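The structure under discussion appears below in the form of structure tokens.
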Amino acid sequence: MLIRRLTLLVIIGWLLVSGAAAQEQTYLRLQADTTEMQTGQEYTVQIRLDNVPSLWLASLDISYDPTRLYIIGTKAGSPVRPGDFFTPDSSVVIFNSVETATIRYTISQLAPADVVRGSGVLGTFRVYPLQPGPATLTFRRAELRTATISGEGANRTAADPQPVTFLPVLLELTISGDPVEPPSEATATPTPTETPLLIAGATQPPQATALANVTLPPDALTTPSPAAAPPDNTSTLLAIALGAMLFGAVGLVIVVISWKRKHR
């Protein structure tokens with residue numbers, strides 16, 4: 001009976017450790033209500049974050065084919081509408097434009113606010129399909145940063161910026177219909193050049209790095225098909241090591257108990 005209980009304990013412990021490791025993966029992904037689109041209609045695309053442990057700033061470059069898709073706001077400006085992940089009163093949009101087939105969007109918390117965590121929508125933008133055929137939206141460059149918050153009340157500051165490991169997930173679309181012209185938009189009035197928000201202690205704005213995206217089944221947060229090398233797996237390996245140690249320790253106890261019973 002004791003051996004059975006110990007074996008059950010090993011199985012439960014392994015499942016808990018494995019589950020915790022799987023939940024640690026952070027996804028930065030593009031999501032739409034449908035991937036089957038018609039030319040001449042508008043569709044909303046979400047920029048989502050899933051399972052982020054801590055975040056202060058997100059900086060994104062999203063690439064697309066301008067012969068297939070028109071981004072609403074290309075001429076009018078501000079193509080991305082902030083989502084619910086950052087609170088409007090405690091955050092600021094630093095970059096929000098379309099430049100050479102790329103959507104640029106940077107949003108950050110503002111001191112004395114705290115870091116944010118969990119899952120939610122960073123922003124949304126609207127696409128207008130122009131030509132039939134396949135189209136893909138990808139994260140060309142992206143960076144997630146967290147910060148160390150210190151001080152009290154109005155004196156709180158954010159310093160020591162650190163990168164957050166994540167997996168970028170692309171969005172593949174299928175467009176049907178006849179070719180159409182881009183919708184008319186008024187050209188935005190030029191605004192002064194925006195100055196990136198610096199976290200205290202940083203000497204320059206966080207620089208995004210080139211990314212290779214992966215694919216992910218709709219509405220599924222499982223391990224994506226590896227279109228690129230996965231990010232740092234230190235946390236997962238540590239969880240596996242701890243599970244193996246637990247399994248070995250309980251196994252040793254079972255062996256000792258069995259040996260004592262045989263030699264009574």
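A note on labels: chains of the structure tokens are A, B, ... as shown, every chain counts residues from 1, and ligands are counted from 1 in their shown order.
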query = Please, which residues of region 10-217 of chain A, numbered as in this document, come out helix (DSSP H, G or I) from DSSP, as a ChimeraX atom specification?
reply = /A:10-23,88-90,153-155
Got a sec: who's within 6 Å of Ile107 (chain A), counting only C-alpha atoms, leaving out chain neighbours fewer than 2 positions off, as a short mmCIF file (atom, residue, chain, number, x, y, z; two decimals) with N, CA and C atoms, in the first residue's frame?
```cif
data_model
loop_
_atom_site.label_atom_id
_atom_site.label_comp_id
_atom_site.auth_asym_id
_atom_site.auth_seq_id
_atom_site.Cartn_x
_atom_site.Cartn_y
_atom_site.Cartn_z
N LEU A 57 7.55 47.48 -21.12
CA LEU A 57 7.54 48.09 -22.46
C LEU A 57 7.47 47.02 -23.53
N ALA A 58 6.70 47.29 -24.59
CA ALA A 58 6.63 46.42 -25.75
C ALA A 58 6.90 47.24 -27.01
N VAL A 92 1.86 55.01 -22.08
CA VAL A 92 2.00 55.97 -23.17
C VAL A 92 2.37 55.22 -24.45
N VAL A 93 1.78 55.63 -25.57
CA VAL A 93 2.15 55.09 -26.88
C VAL A 93 3.26 55.96 -27.44
N ILE A 94 4.38 55.35 -27.73
CA ILE A 94 5.56 56.10 -28.17
C ILE A 94 5.66 56.14 -29.69
#
```
ask   = Pick from A:Asn51, A:Gln31, A:Ser59, A:Gln25: nearest to Leu216 (chain A), with only C-alpha atoms counted?
value = A:Gln31
task = Report as a list in words: the residues of region 141-180 of chain A with a DSSP assignment of strand (DSSP E), based on the backbone of this structure.
result = Arg141, Ala142, Glu143, Leu144, Arg145, Thr146, Ala147, Thr148, Ile149, Ser150, Thr157, Ala158, Ala159, Asp160, Pro161, Gln162, Pro163, Leu167, Pro168, Val169, Leu171, Glu172, Leu173, Thr174, Ile175 and Ser176 of chain A
